[in-house]
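target-v7.cif follows; it contains mmCIF, C-alpha atoms.
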data_my_file
loop_
_atom_site.label_atom_id
_atom_site.label_comp_id
_atom_site.auth_asym_id
_atom_site.auth_seq_id
_atom_site.Cartn_x
_atom_site.Cartn_y
_atom_site.Cartn_z
CA MET U 1476 84.87 116.45 126.54
CA SER U 1477 86.45 119.67 125.24
CA GLU U 1478 87.06 120.21 121.53
CA LEU U 1479 90.82 119.97 122.08
CA ALA U 1480 90.47 116.72 124.03
CA THR U 1481 88.18 115.29 121.34
CA ARG U 1482 90.68 116.20 118.62
CA LYS U 1483 93.49 114.49 120.53
CA ALA U 1484 91.30 111.43 121.01
CA ILE U 1485 90.55 111.36 117.27
CA GLU U 1486 94.27 111.58 116.51
CA ALA U 1487 94.91 108.66 118.88
CA VAL U 1488 92.15 106.60 117.23
CA TRP U 1489 93.61 107.44 113.81
CA ARG U 1490 97.09 106.24 114.82
CA ILE U 1491 95.60 102.93 115.91
CA GLU U 1492 93.07 102.37 113.13
CA SER U 1493 94.50 104.03 109.99
CA ALA U 1494 96.55 101.05 108.79
CA ARG U 1495 93.64 98.61 109.15
CA LEU U 1496 91.32 101.12 107.49
CA LEU U 1497 93.68 101.50 104.54
CA GLY U 1498 94.11 97.74 104.25
CA GLY U 1499 90.36 97.23 103.95
CA LEU U 1500 89.95 100.09 101.50
CA VAL U 1501 92.76 98.89 99.24
CA ARG U 1502 91.02 95.51 99.04
CA MET U 1503 87.75 97.24 98.13
CA VAL U 1504 88.87 99.79 95.54
CA ARG U 1505 92.10 98.19 94.30
CA ASP U 1506 93.88 101.54 94.21
CA VAL U 1507 96.34 102.68 96.87
CA GLY U 1508 96.01 106.40 96.13
CA LEU U 1509 92.21 106.27 96.09
CA ALA U 1510 92.19 104.28 99.33
CA GLU U 1511 94.26 106.98 101.02
CA ASP U 1512 91.88 109.67 99.74
CA LEU U 1513 88.85 107.77 101.08
CA ALA U 1514 90.51 107.21 104.44
CA GLN U 1515 91.31 110.91 104.72
CA GLU U 1516 87.70 111.77 103.86
CA ALA U 1517 86.52 109.49 106.67
CA LEU U 1518 88.93 111.20 109.05
CA MET U 1519 87.70 114.65 108.04
CA THR U 1520 84.11 113.54 108.61
CA ALA U 1521 85.07 112.33 112.09
CA LEU U 1522 86.74 115.67 112.84
CA GLU U 1523 83.53 117.43 111.82
CA ARG U 1524 81.01 115.22 113.62
CA TRP U 1525 82.64 113.70 116.71
CA PRO U 1526 83.17 116.98 118.63
CA GLU U 1527 79.37 117.41 118.70
CA ALA U 1528 78.07 113.84 118.60
CA GLY U 1529 80.82 112.33 120.75
CA ILE U 1530 83.30 109.58 119.95
CA PRO U 1531 81.51 106.32 118.95
CA ASP U 1532 81.83 103.21 121.12
CA ASN U 1533 83.72 101.52 118.27
CA PRO U 1534 85.52 104.35 116.44
CA GLY U 1535 87.42 102.00 114.14
CA ALA U 1536 84.19 100.44 112.88
CA TRP U 1537 82.67 103.92 112.44
CA LEU U 1538 85.61 105.05 110.31
CA MET U 1539 85.45 101.87 108.24
CA ALA U 1540 81.70 102.19 107.70
CA THR U 1541 82.06 105.83 106.64
CA ALA U 1542 84.94 105.05 104.28
CA LYS U 1543 83.11 102.00 102.93
CA ASN U 1544 80.06 104.10 102.05
CA ARG U 1545 82.28 106.54 100.19
CA ALA U 1546 84.00 103.63 98.45
CA LEU U 1547 80.60 102.28 97.39
CA ASP U 1548 79.61 105.67 96.00
CA HIS U 1549 82.84 105.81 94.02
CA LEU U 1550 82.47 102.24 92.71
CA ARG U 1551 78.82 102.85 91.73
CA ARG U 1552 79.78 105.98 89.80
CA LYS U 1553 82.59 104.10 88.12
CA GLN U 1554 80.28 101.16 87.33
CA MET U 1555 77.60 103.42 85.93
CA LEU U 1556 80.13 105.06 83.63
CA GLU U 1557 81.47 101.68 82.52
CA ARG U 1558 77.90 100.35 82.14
CA SER U 1559 76.88 103.20 79.88
CA HIS U 1560 79.72 102.35 77.54
CA THR U 1561 79.04 98.60 77.83
CA GLU U 1562 75.31 98.99 77.18
CA ILE U 1563 75.99 100.96 74.04
CA ALA U 1564 78.21 98.14 72.82
CA SER U 1565 75.77 95.47 74.05
CA ASP U 1566 72.79 97.08 72.36
CA ALA U 1567 74.66 96.98 69.10
CA ALA U 1568 75.48 93.30 69.66
CA GLY U 1569 72.07 92.34 71.13
CA GLU U 1570 73.58 91.38 74.51
CA LEU U 1571 72.87 92.39 78.12
CA PRO U 1572 75.75 93.48 80.49
CA VAL U 1573 76.59 91.61 83.69
CA ARG U 1574 76.08 93.77 86.81
CA PRO U 1575 77.99 92.46 89.87
CA ASP U 1576 76.66 92.99 93.39
CA LEU U 1577 78.93 95.71 94.80
CA GLU U 1578 77.88 95.18 98.42
CA SER U 1579 78.70 91.47 98.16
CA ALA U 1580 82.06 92.19 96.54
CA ILE U 1581 83.04 94.65 99.27
CA ASP U 1582 81.98 92.30 102.08
CA GLU U 1583 83.90 89.30 100.70
CA ASP U 1584 86.17 87.28 102.98
CA VAL U 1585 88.95 89.76 103.63
CA GLY U 1586 91.62 87.47 105.09
CA ASP U 1587 94.30 89.70 106.58
CA ASP U 1588 93.99 93.12 105.02
CA LEU U 1589 97.17 94.43 106.63
CA LEU U 1590 99.23 91.54 105.29
CA ARG U 1591 97.72 92.01 101.84
CA LEU U 1592 98.49 95.72 102.02
CA ILE U 1593 102.14 95.23 102.97
CA LEU U 1594 102.65 92.61 100.25
CA VAL U 1595 101.07 94.84 97.61
CA ALA U 1596 103.26 97.74 98.69
CA CYS U 1597 106.29 95.43 98.47
CA HIS U 1598 105.54 94.29 94.92
CA PRO U 1599 108.69 93.67 92.80
CA VAL U 1600 107.52 96.27 90.27
CA LEU U 1601 108.75 98.87 92.80
CA SER U 1602 112.33 99.54 93.78
CA THR U 1603 113.35 98.30 97.22
CA GLU U 1604 113.56 101.86 98.54
CA ALA U 1605 110.07 102.67 97.21
CA ARG U 1606 108.59 99.49 98.70
CA VAL U 1607 109.89 100.29 102.15
CA ALA U 1608 108.90 103.95 102.04
CA LEU U 1609 105.38 103.26 100.76
CA THR U 1610 104.68 100.51 103.27
CA LEU U 1611 105.92 102.59 106.17
CA ARG U 1612 103.58 105.34 105.01
CA LEU U 1613 100.57 103.04 104.61
CA LEU U 1614 101.10 100.53 107.40
CA GLY U 1615 102.72 102.64 110.07
CA GLY U 1616 101.07 105.94 109.22
CA LEU U 1617 104.50 107.56 109.44
CA THR U 1618 105.12 111.01 108.02
CA THR U 1619 107.63 111.51 105.25
CA GLU U 1620 109.92 113.20 107.80
CA GLU U 1621 109.83 110.16 110.10
CA ILE U 1622 110.59 107.81 107.20
CA ALA U 1623 113.40 110.06 106.01
CA ARG U 1624 115.01 109.95 109.44
CA ALA U 1625 114.71 106.16 109.50
CA PHE U 1626 116.62 106.03 106.19
CA LEU U 1627 118.94 108.96 106.95
CA VAL U 1628 118.03 110.57 103.60
CA PRO U 1629 116.42 113.93 102.70
CA GLU U 1630 112.67 114.26 103.21
CA PRO U 1631 111.92 115.30 99.57
CA THR U 1632 113.56 112.05 98.41
CA ILE U 1633 111.10 110.00 100.46
CA ALA U 1634 108.13 112.09 99.30
CA GLN U 1635 109.07 111.48 95.67
CA ARG U 1636 109.48 107.75 96.27
CA ILE U 1637 105.99 107.48 97.76
CA VAL U 1638 104.30 109.43 94.95
CA ARG U 1639 106.10 107.44 92.27
CA ALA U 1640 105.36 104.13 94.03
CA LYS U 1641 101.60 104.80 94.05
CA ARG U 1642 101.68 105.80 90.40
CA THR U 1643 103.69 102.73 89.44
CA LEU U 1644 101.31 100.36 91.25
CA ALA U 1645 98.33 101.93 89.49
CA GLU U 1646 99.95 101.88 86.05
CA ALA U 1647 101.14 98.28 86.46
CA LYS U 1648 97.64 97.15 87.55
CA VAL U 1649 99.17 95.15 90.40
CA PRO U 1650 96.78 92.40 91.66
CA PHE U 1651 95.61 93.06 95.23
CA GLU U 1652 96.08 89.57 96.60
CA VAL U 1653 98.35 87.58 98.90
CA PRO U 1654 100.94 85.84 96.68
CA ARG U 1655 102.08 82.29 97.33
CA GLY U 1656 105.15 80.14 96.75
CA GLU U 1657 108.02 81.69 94.84
CA ASP U 1658 106.19 84.99 94.37
CA LEU U 1659 105.91 85.39 98.14
CA THR U 1660 109.54 84.42 98.72
CA ALA U 1661 110.69 87.00 96.16
CA ARG U 1662 109.08 89.79 98.19
CA LEU U 1663 110.33 88.67 101.59
CA ALA U 1664 113.51 90.76 101.81
CA SER U 1665 111.71 94.08 101.41
CA VAL U 1666 108.76 92.91 103.50
CA LEU U 1667 111.11 91.99 106.36
CA GLU U 1668 112.87 95.35 106.06
CA VAL U 1669 109.54 97.13 106.30
CA VAL U 1670 108.40 95.15 109.33
CA TYR U 1671 111.78 95.76 110.96
CA LEU U 1672 111.62 99.53 110.44
CA VAL U 1673 108.00 99.71 111.60
CA PHE U 1674 108.94 97.88 114.79
CA ASN U 1675 111.93 100.16 115.32
CA GLU U 1676 109.73 103.24 114.97
CA GLY U 1677 107.48 101.77 117.65
CA TYR U 1678 110.35 100.74 119.90
CA ALA U 1679 112.02 104.18 119.76
CA ALA U 1680 109.70 106.74 118.18
CA THR U 1681 111.47 109.21 115.89
CA ARG U 1682 109.52 112.18 117.17
CA GLY U 1683 106.64 113.19 119.45
CA ASP U 1684 106.07 113.10 123.20
CA ASP U 1685 106.21 109.32 123.67
CA LEU U 1686 109.35 107.21 123.52
CA VAL U 1687 107.42 104.04 122.67
CA ARG U 1688 104.54 103.52 120.21
CA HIS U 1689 103.04 100.21 121.28
CA ASP U 1690 100.63 100.13 118.33
CA LEU U 1691 103.47 99.97 115.81
CA CYS U 1692 105.32 97.30 117.81
CA ASP U 1693 102.14 95.23 118.03
CA ASP U 1694 101.42 95.51 114.30
CA ALA U 1695 105.00 94.62 113.36
CA LEU U 1696 105.03 91.64 115.72
CA ARG U 1697 101.70 90.36 114.43
CA LEU U 1698 102.81 90.66 110.81
CA GLY U 1699 106.11 88.96 111.61
CA ARG U 1700 104.32 86.05 113.28
CA ILE U 1701 101.96 85.70 110.30
CA LEU U 1702 104.92 85.66 107.91
CA ALA U 1703 106.59 82.97 110.02
CA GLU U 1704 103.49 80.80 109.59
CA LEU U 1705 103.32 81.46 105.85
CA VAL U 1706 107.00 80.70 105.17
CA PRO U 1707 108.19 78.47 108.05
CA GLY U 1708 111.33 77.41 106.17
CA GLU U 1709 112.79 80.93 105.89
CA ALA U 1710 115.43 81.48 108.58
CA GLU U 1711 115.44 85.26 108.45
CA VAL U 1712 111.69 85.46 109.05
CA HIS U 1713 112.20 83.59 112.33
CA GLY U 1714 115.28 85.72 113.01
CA LEU U 1715 113.28 88.93 112.70
CA VAL U 1716 110.47 87.56 114.86
CA ALA U 1717 113.04 86.54 117.48
CA LEU U 1718 114.56 90.02 117.45
CA MET U 1719 111.18 91.72 117.85
CA GLU U 1720 109.98 89.36 120.59
CA VAL U 1721 113.09 89.90 122.71
CA GLN U 1722 113.16 93.65 122.13
CA ALA U 1723 109.43 93.91 122.91
CA SER U 1724 110.04 92.14 126.22
CA ARG U 1725 111.78 95.33 127.43
CA LEU U 1726 109.07 97.83 126.51
CA ARG U 1727 107.62 98.17 130.02
CA ALA U 1728 111.08 98.76 131.48
CA ARG U 1729 112.10 101.37 128.86
CA VAL U 1730 109.75 104.04 130.18
CA GLY U 1731 109.47 105.43 133.70
CA PRO U 1732 106.31 106.44 135.62
CA SER U 1733 106.24 109.89 134.04
CA GLY U 1734 107.05 108.66 130.53
CA GLU U 1735 110.78 109.36 130.85
CA ALA U 1736 113.24 107.23 128.88
CA ILE U 1737 115.25 104.64 130.82
CA ARG U 1738 118.52 103.40 129.32
CA LEU U 1739 119.17 99.67 128.92
CA PHE U 1740 121.88 99.81 131.59
CA ASP U 1741 119.48 101.36 134.12
CA GLN U 1742 116.42 99.20 133.46
CA ASP U 1743 114.78 97.02 136.10
CA ARG U 1744 115.24 93.66 134.38
CA SER U 1745 112.60 92.05 136.56
CA ARG U 1746 110.09 94.04 134.48
CA TRP U 1747 111.20 92.37 131.25
CA ASP U 1748 108.40 90.16 129.92
CA GLN U 1749 109.74 86.63 130.27
CA LEU U 1750 107.04 85.12 128.06
CA LEU U 1751 108.22 87.30 125.18
CA VAL U 1752 111.84 86.43 125.99
CA ARG U 1753 111.03 82.70 125.79
CA ARG U 1754 109.14 83.18 122.54
CA GLY U 1755 112.07 85.13 121.14
CA LEU U 1756 114.66 82.55 122.15
CA ALA U 1757 112.54 79.76 120.62
CA ALA U 1758 112.27 81.70 117.34
CA LEU U 1759 116.04 82.31 117.43
CA ALA U 1760 116.66 78.58 117.83
CA ARG U 1761 114.49 77.89 114.76
CA ALA U 1762 116.37 80.52 112.74
CA GLU U 1763 119.78 79.16 113.76
CA ALA U 1764 118.69 75.63 112.86
CA LEU U 1765 117.69 76.74 109.36
CA ALA U 1766 120.71 78.79 108.29
CA ARG U 1767 124.49 78.99 108.44
CA PRO U 1768 125.96 81.56 108.17
CA LEU U 1769 123.42 83.63 110.05
CA GLY U 1770 121.60 86.48 108.33
CA PRO U 1771 121.40 90.08 109.62
CA TYR U 1772 118.12 89.71 111.53
CA THR U 1773 119.22 86.49 113.19
CA LEU U 1774 122.52 88.10 114.18
CA GLN U 1775 120.67 91.02 115.75
CA ALA U 1776 118.39 88.57 117.54
CA ALA U 1777 121.45 86.76 118.89
CA ILE U 1778 122.76 90.09 120.23
CA ALA U 1779 119.42 90.79 121.89
CA ALA U 1780 119.49 87.28 123.37
CA CYS U 1781 122.85 88.04 125.02
CA HIS U 1782 121.15 90.87 126.91
CA ALA U 1783 118.15 88.68 127.74
CA HIS U 1784 120.38 85.98 129.27
CA ALA U 1785 122.23 88.43 131.54
CA ARG U 1786 120.82 89.26 134.98
CA THR U 1787 122.68 92.59 134.98
CA ALA U 1788 124.39 94.79 132.39
CA GLU U 1789 127.78 93.85 133.89
CA GLU U 1790 127.12 90.11 133.43
CA THR U 1791 126.42 90.54 129.71
CA ASP U 1792 128.74 88.62 127.38
CA TRP U 1793 130.05 91.76 125.68
CA LYS U 1794 132.87 89.98 123.85
CA ARG U 1795 130.35 87.70 122.16
CA ILE U 1796 128.27 90.76 121.26
CA VAL U 1797 131.34 92.37 119.64
CA ALA U 1798 131.92 89.18 117.62
CA LEU U 1799 128.29 89.17 116.49
CA TYR U 1800 128.57 92.83 115.48
CA ASP U 1801 131.73 91.97 113.52
CA ALA U 1802 129.69 89.54 111.44
CA LEU U 1803 126.82 92.04 111.12
CA VAL U 1804 129.14 94.82 109.91
CA GLU U 1805 130.60 92.46 107.31
CA ILE U 1806 127.09 91.73 105.95
CA THR U 1807 125.58 95.19 106.08
CA GLY U 1808 128.47 97.66 105.92
CA SER U 1809 126.16 100.01 107.86
CA PRO U 1810 127.72 102.93 109.78
CA VAL U 1811 124.86 102.69 112.30
CA VAL U 1812 125.80 99.07 112.99
CA GLU U 1813 129.43 100.15 113.39
CA LEU U 1814 128.33 102.77 115.91
CA ASN U 1815 126.45 100.12 117.89
CA ARG U 1816 129.53 97.91 117.70
CA ALA U 1817 131.58 100.73 119.24
CA VAL U 1818 129.26 100.71 122.27
CA ALA U 1819 129.88 96.99 122.69
CA VAL U 1820 133.64 97.49 122.27
CA SER U 1821 133.50 100.05 125.09
CA MET U 1822 131.91 97.51 127.42
CA ALA U 1823 134.21 94.68 126.38
CA PHE U 1824 137.55 96.45 125.93
CA GLY U 1825 137.21 99.94 127.40
CA PRO U 1826 135.98 103.40 126.32
CA ALA U 1827 139.33 104.58 124.94
CA GLN U 1828 139.36 101.92 122.22
CA ALA U 1829 135.71 102.60 121.44
CA LEU U 1830 136.28 106.36 121.19
CA GLU U 1831 138.87 105.80 118.45
CA LEU U 1832 136.21 103.95 116.44
CA VAL U 1833 133.65 106.71 117.00
CA GLU U 1834 136.08 109.41 115.88
CA ILE U 1835 136.52 107.56 112.59
CA LEU U 1836 132.73 107.31 112.19
CA SER U 1837 132.38 111.07 112.74
CA GLY U 1838 133.35 111.54 109.10
CA GLU U 1839 130.44 109.42 107.81
CA PRO U 1840 128.01 111.66 105.86
CA ALA U 1841 125.05 109.41 106.75
CA LEU U 1842 125.65 110.02 110.47
CA ARG U 1843 126.11 113.80 110.27
CA GLU U 1844 122.60 114.56 111.60
CA TYR U 1845 122.19 111.31 113.57
CA HIS U 1846 121.76 112.21 117.24
CA LEU U 1847 123.14 108.92 118.54
CA LEU U 1848 126.61 109.66 117.16
CA PRO U 1849 127.30 112.59 119.55
CA SER U 1850 125.34 110.72 122.24
CA VAL U 1851 127.67 107.71 122.07
CA ARG U 1852 130.72 109.99 121.88
CA ALA U 1853 129.49 111.89 124.95
CA ASP U 1854 129.00 108.66 126.89
CA LEU U 1855 132.55 107.54 126.11
CA LEU U 1856 134.01 110.94 127.03
CA GLU U 1857 132.13 110.84 130.34
CA LYS U 1858 133.56 107.40 131.12
CA LEU U 1859 137.04 108.73 130.37
CA GLY U 1860 136.51 111.58 132.84
CA ARG U 1861 136.31 114.27 130.16
CA ARG U 1862 133.08 115.63 131.58
CA GLU U 1863 133.07 119.10 130.05
CA GLU U 1864 133.50 117.69 126.55
CA ALA U 1865 130.86 115.09 127.33
CA GLY U 1866 128.39 117.79 128.38
CA ILE U 1867 128.90 119.65 125.11
CA GLU U 1868 128.32 116.46 123.11
CA PHE U 1869 125.21 115.50 125.11
CA GLU U 1870 123.74 118.93 124.40
CA ARG U 1871 124.58 118.60 120.71
CA ALA U 1872 122.89 115.19 120.64
CA ALA U 1873 119.82 116.72 122.31
CA SER U 1874 119.65 119.44 119.66
CA LEU U 1875 119.50 116.75 116.95
CA ALA U 1876 116.98 114.49 118.72
CA GLN U 1877 113.37 114.82 117.51
CA ASN U 1878 111.76 112.75 120.26
CA VAL U 1879 110.90 114.76 123.37
CA ARG U 1880 111.79 111.95 125.80
CA GLU U 1881 115.15 111.28 124.20
CA ARG U 1882 115.93 114.98 124.23
CA GLU U 1883 115.04 115.25 127.93
CA LEU U 1884 117.31 112.30 128.78
CA LEU U 1885 120.24 113.75 126.82
CA LEU U 1886 119.85 117.18 128.43
CA ALA U 1887 119.70 115.56 131.87
CA ARG U 1888 122.95 113.75 131.14
CA ALA U 1889 124.51 117.02 129.96
CA ARG U 1890 123.54 118.67 133.25
CA ALA U 1891 124.88 115.69 135.20
CA CYS U 1892 128.26 116.38 133.56
CA GLY U 1893 128.13 119.90 134.97
CA TRP U 1894 127.27 121.48 131.64
CA LYS U 1895 125.05 124.57 131.88
CA ILE U 1896 122.29 124.37 129.28
CA ASP U 1897 121.68 127.59 127.38
CA PRO U 1898 117.88 128.07 127.30
CA GLY U 1899 118.04 130.81 124.66
CA PRO U 1900 117.76 130.49 120.87
CA ARG U 1901 120.57 128.72 119.09
CA SER U 1902 122.21 130.20 116.03
#
For the structure just supplied, provide its representation as structure tokens.
Amino acid sequence: MSELATRKAIEAVWRIESARLLGGLVRMVRDVGLAEDLAQEALMTALERWPEAGIPDNPGAWLMATAKNRALDHLRRKQMLERSHTEIASDAAGELPVRPDLESAIDEDVGDDLLRLILVACHPVLSTEARVALTLRLLGGLTTEEIARAFLVPEPTIAQRIVRAKRTLAEAKVPFEVPRGEDLTARLASVLEVVYLVFNEGYAATRGDDLVRHDLCDDALRLGRILAELVPGEAEVHGLVALMEVQASRLRARVGPSGEAIRLFDQDRSRWDQLLVRRGLAALARAEALARPLGPYTLQAAIAACHAHARTAEETDWKRIVALYDALVEITGSPVVELNRAVAVSMAFGPAQALELVEILSGEPALREYHLLPSVRADLLEKLGRREEAGIEFERAASLAQNVRERELLLARARACGWKIDPGPRS
């Protein structure tokens, strides 16, 4: 294997294993910042050794063993320093210090390290924004740029949140354990938001060459299912699980043979995973039985269910979807939700009415750099026969898109409108 191929393979292993590695390290060293440093050291060791020695049969276990050894070295140094101080005090008092078995402590029953990690990162000592940003960084391995785009805020803002969150956790001496009862319930809102955003990043990757990141979707789904078992009486937990199950059912149909993006309206619905659809609908029924009025995740799950019930895009109950978006807008006040509602209005009542809504949203500061705003506007213009304007908007959307596959799709739609793409540099 060439050095370049090995490096790419290491990067792929890191994307898959980094969250689990961090979860185990946080349990061992009880310090989020230190755990990240140890994980990075293990990665650097892999980058040095694997090109010559080859990639191990179980690369995740290799990374964990390497990081664990470094963690042991750190803990021994720390213990020796503490022991020297303790022995001085003990000698004066005529006592002997207790010396715990580090190996035994590190190999204790770990439970679910990822769940512990996400709950620690979502501790109430942090602001909601900091909890979400830190957990996306630790659990999803997302860059600050990717997190910033998910929140539609500047990248430096996210970087500051993450640094401050780590410092706050360390200063507050937050216990690294899975809380129970009321303590767990208090953290649920931010935990659910984190899981939701992690799943969304997997379902439609912010950047890179792949539209879908199955590893993130799988991690988010697994964490959602675990949460549903831990707090079975919480409607919104089941609502989020329902949303993710139904959305995940479409993953195979979202990408073509060459990795190209396929729009919902063009997907082969026979490729939708019916087992996941059934699981999602069952979770939605549990959520609806537990709560009235419905919460934001349950409402989104109900919208996804409308698509799952329809054999074709034309048979979808678009008027019901508009009504569900009405309720969702009232709860969230989100301009992104309003943009999605405009798409449903187009299908239910025509593109002209939807375009009026989109024009109003064009003044929203949060959507100024959001590529889906000109994308939706372009789609509506195309339906109204204003193809030249649509082509311009599709190209503008492509210039804002960070994901290669999304950009390719938008440029293809611009060309289909007869718009000639300028290959040269843009001012």
Item to check | Expected answer as a PyMOL selection string: all residues with atoms within 9 Å of (127.0, 88.9, 119.6), all atoms listed in the file | outcome: chain U and resi 1774-1781+1792-1802
Next on the checklist: So that I can see what lies close to Gln1722 (chain U), please list as a PyMOL selection string the residues with an atom at most 10 Å from it, counting only C-alpha atoms and leaving out residues fewer than 2 positions away in the same chain.
Outcome noted: chain U and resi 1674-1675+1678+1692+1716-1720+1724-1726+1747-1748+1751-1752+1755+1776+1779-1780+1782-1783
Matched chain/residue IDs from the PyMOL selection byres ((chain U and resi 1738) around 12), as a compact mmCIF listing (two decimals) with C-alpha atoms, in the coordinates of the input:
# COMPACT_ATOMS: atom_id res chain seq x y z
CA ALA U 1679 112.02 104.18 119.76
CA LEU U 1686 109.35 107.21 123.52
CA ARG U 1725 111.78 95.33 127.43
CA LEU U 1726 109.07 97.83 126.51
CA ALA U 1728 111.08 98.76 131.48
CA ARG U 1729 112.10 101.37 128.86
CA VAL U 1730 109.75 104.04 130.18
CA GLY U 1731 109.47 105.43 133.70
CA GLU U 1735 110.78 109.36 130.85
CA ALA U 1736 113.24 107.23 128.88
CA ILE U 1737 115.25 104.64 130.82
CA LEU U 1739 119.17 99.67 128.92
CA PHE U 1740 121.88 99.81 131.59
CA ASP U 1741 119.48 101.36 134.12
CA GLN U 1742 116.42 99.20 133.46
CA ASP U 1743 114.78 97.02 136.10
CA ARG U 1744 115.24 93.66 134.38
CA ALA U 1788 124.39 94.79 132.39
CA ASP U 1854 129.00 108.66 126.89
CA ARG U 1880 111.79 111.95 125.80
CA GLU U 1881 115.15 111.28 124.20
CA LEU U 1884 117.31 112.30 128.78
CA LEU U 1885 120.24 113.75 126.82
CA ARG U 1888 122.95 113.75 131.14
Checklist entry - How would you write, as number ranges by chain, the residues chosen by the PyMOL selection byres ((chain U and resi 1636) around 8) on this structure? => result U: 1604-1605, 1608-1609, 1632-1635, 1637-1640
Item to check | Atomic separation - CA of Val1879 (chain U) relative to CA of Leu1497 (chain U), Å | outcome: 28.8 Å
Item to check | Distance query region 1867-1872 of chain U at most 12 Å, only C-alpha atoms, self and fewer than 4 positions along chain excluded, as JSON, numbers by chain | outcome: {"U": [1842, 1843, 1844, 1845, 1846, 1847, 1848, 1849, 1850, 1851, 1852, 1853, 1854, 1855, 1856, 1857, 1861, 1862, 1863, 1876, 1877, 1878, 1881, 1882, 1883, 1884, 1885, 1886, 1887, 1888, 1889, 1890, 1891, 1892, 1893, 1894, 1895, 1896, 1897, 1898, 1901]}
Enclose region 1606-1610 of chain U, meaning all of its atoms listed in the file, in a box aligned along x, y and z, pad it by 5 Å on each side, and list the centre and edge lengths in Å to one decimal, as lines of an AutoDock Vina configuration file.
center_x = 107.3
center_y = 101.7
center_z = 101.0
size_x = 15.2
size_y = 14.5
size_z = 14.6
N, CA, C and O atoms of region 1783-1794 of chain U from block above, as an mmCIF file, in the first residue's frame:
data_model
loop_
_atom_site.group_PDB
_atom_site.id
_atom_site.type_symbol
_atom_site.label_atom_id
_atom_site.label_comp_id
_atom_site.auth_asym_id
_atom_site.auth_seq_id
_atom_site.Cartn_x
_atom_site.Cartn_y
_atom_site.Cartn_z
ATOM 1 N N ALA U 1783 -42.692 8.679 4.169
ATOM 2 C CA ALA U 1783 -42.554 7.225 4.215
ATOM 3 C C ALA U 1783 -43.834 6.519 3.794
ATOM 4 O O ALA U 1783 -43.791 5.429 3.206
ATOM 5 N N HIS U 1784 -44.986 7.128 4.061
ATOM 6 C CA HIS U 1784 -46.271 6.515 3.711
ATOM 7 C C HIS U 1784 -46.581 6.620 2.217
ATOM 8 O O HIS U 1784 -47.404 5.859 1.695
ATOM 9 N N ALA U 1785 -45.971 7.574 1.528
ATOM 10 C CA ALA U 1785 -46.311 7.848 0.130
ATOM 11 C C ALA U 1785 -45.490 6.961 -0.811
ATOM 12 O O ALA U 1785 -44.272 6.851 -0.668
ATOM 13 N N ARG U 1786 -46.148 6.367 -1.790
ATOM 14 C CA ARG U 1786 -45.442 5.531 -2.762
ATOM 15 C C ARG U 1786 -44.666 6.377 -3.769
ATOM 16 O O ARG U 1786 -43.659 5.935 -4.318
ATOM 17 N N THR U 1787 -45.130 7.594 -4.002
ATOM 18 C CA THR U 1787 -44.434 8.520 -4.901
ATOM 19 C C THR U 1787 -44.459 9.913 -4.278
ATOM 20 O O THR U 1787 -45.245 10.192 -3.361
ATOM 21 N N ALA U 1788 -43.609 10.805 -4.801
ATOM 22 C CA ALA U 1788 -43.577 12.176 -4.290
ATOM 23 C C ALA U 1788 -44.926 12.863 -4.490
ATOM 24 O O ALA U 1788 -45.385 13.637 -3.652
ATOM 25 N N GLU U 1789 -45.591 12.542 -5.619
ATOM 26 C CA GLU U 1789 -46.876 13.177 -5.947
ATOM 27 C C GLU U 1789 -47.978 12.742 -4.981
ATOM 28 O O GLU U 1789 -48.932 13.491 -4.737
ATOM 29 N N GLU U 1790 -47.876 11.534 -4.432
ATOM 30 C CA GLU U 1790 -48.912 11.022 -3.533
ATOM 31 C C GLU U 1790 -48.726 11.499 -2.091
ATOM 32 O O GLU U 1790 -49.552 11.211 -1.229
ATOM 33 N N THR U 1791 -47.665 12.237 -1.841
ATOM 34 C CA THR U 1791 -47.393 12.722 -0.482
ATOM 35 C C THR U 1791 -48.481 13.697 -0.032
ATOM 36 O O THR U 1791 -48.961 14.518 -0.823
ATOM 37 N N ASP U 1792 -48.857 13.605 1.237
ATOM 38 C CA ASP U 1792 -49.870 14.501 1.797
ATOM 39 C C ASP U 1792 -49.201 15.835 2.149
ATOM 40 O O ASP U 1792 -48.877 16.110 3.309
ATOM 41 N N TRP U 1793 -48.999 16.668 1.118
ATOM 42 C CA TRP U 1793 -48.265 17.917 1.304
ATOM 43 C C TRP U 1793 -49.017 18.913 2.184
ATOM 44 O O TRP U 1793 -48.397 19.696 2.917
ATOM 45 N N LYS U 1794 -50.336 18.909 2.134
ATOM 46 C CA LYS U 1794 -51.090 19.839 2.978
ATOM 47 C C LYS U 1794 -50.903 19.513 4.461
ATOM 48 O O LYS U 1794 -50.795 20.414 5.300
#
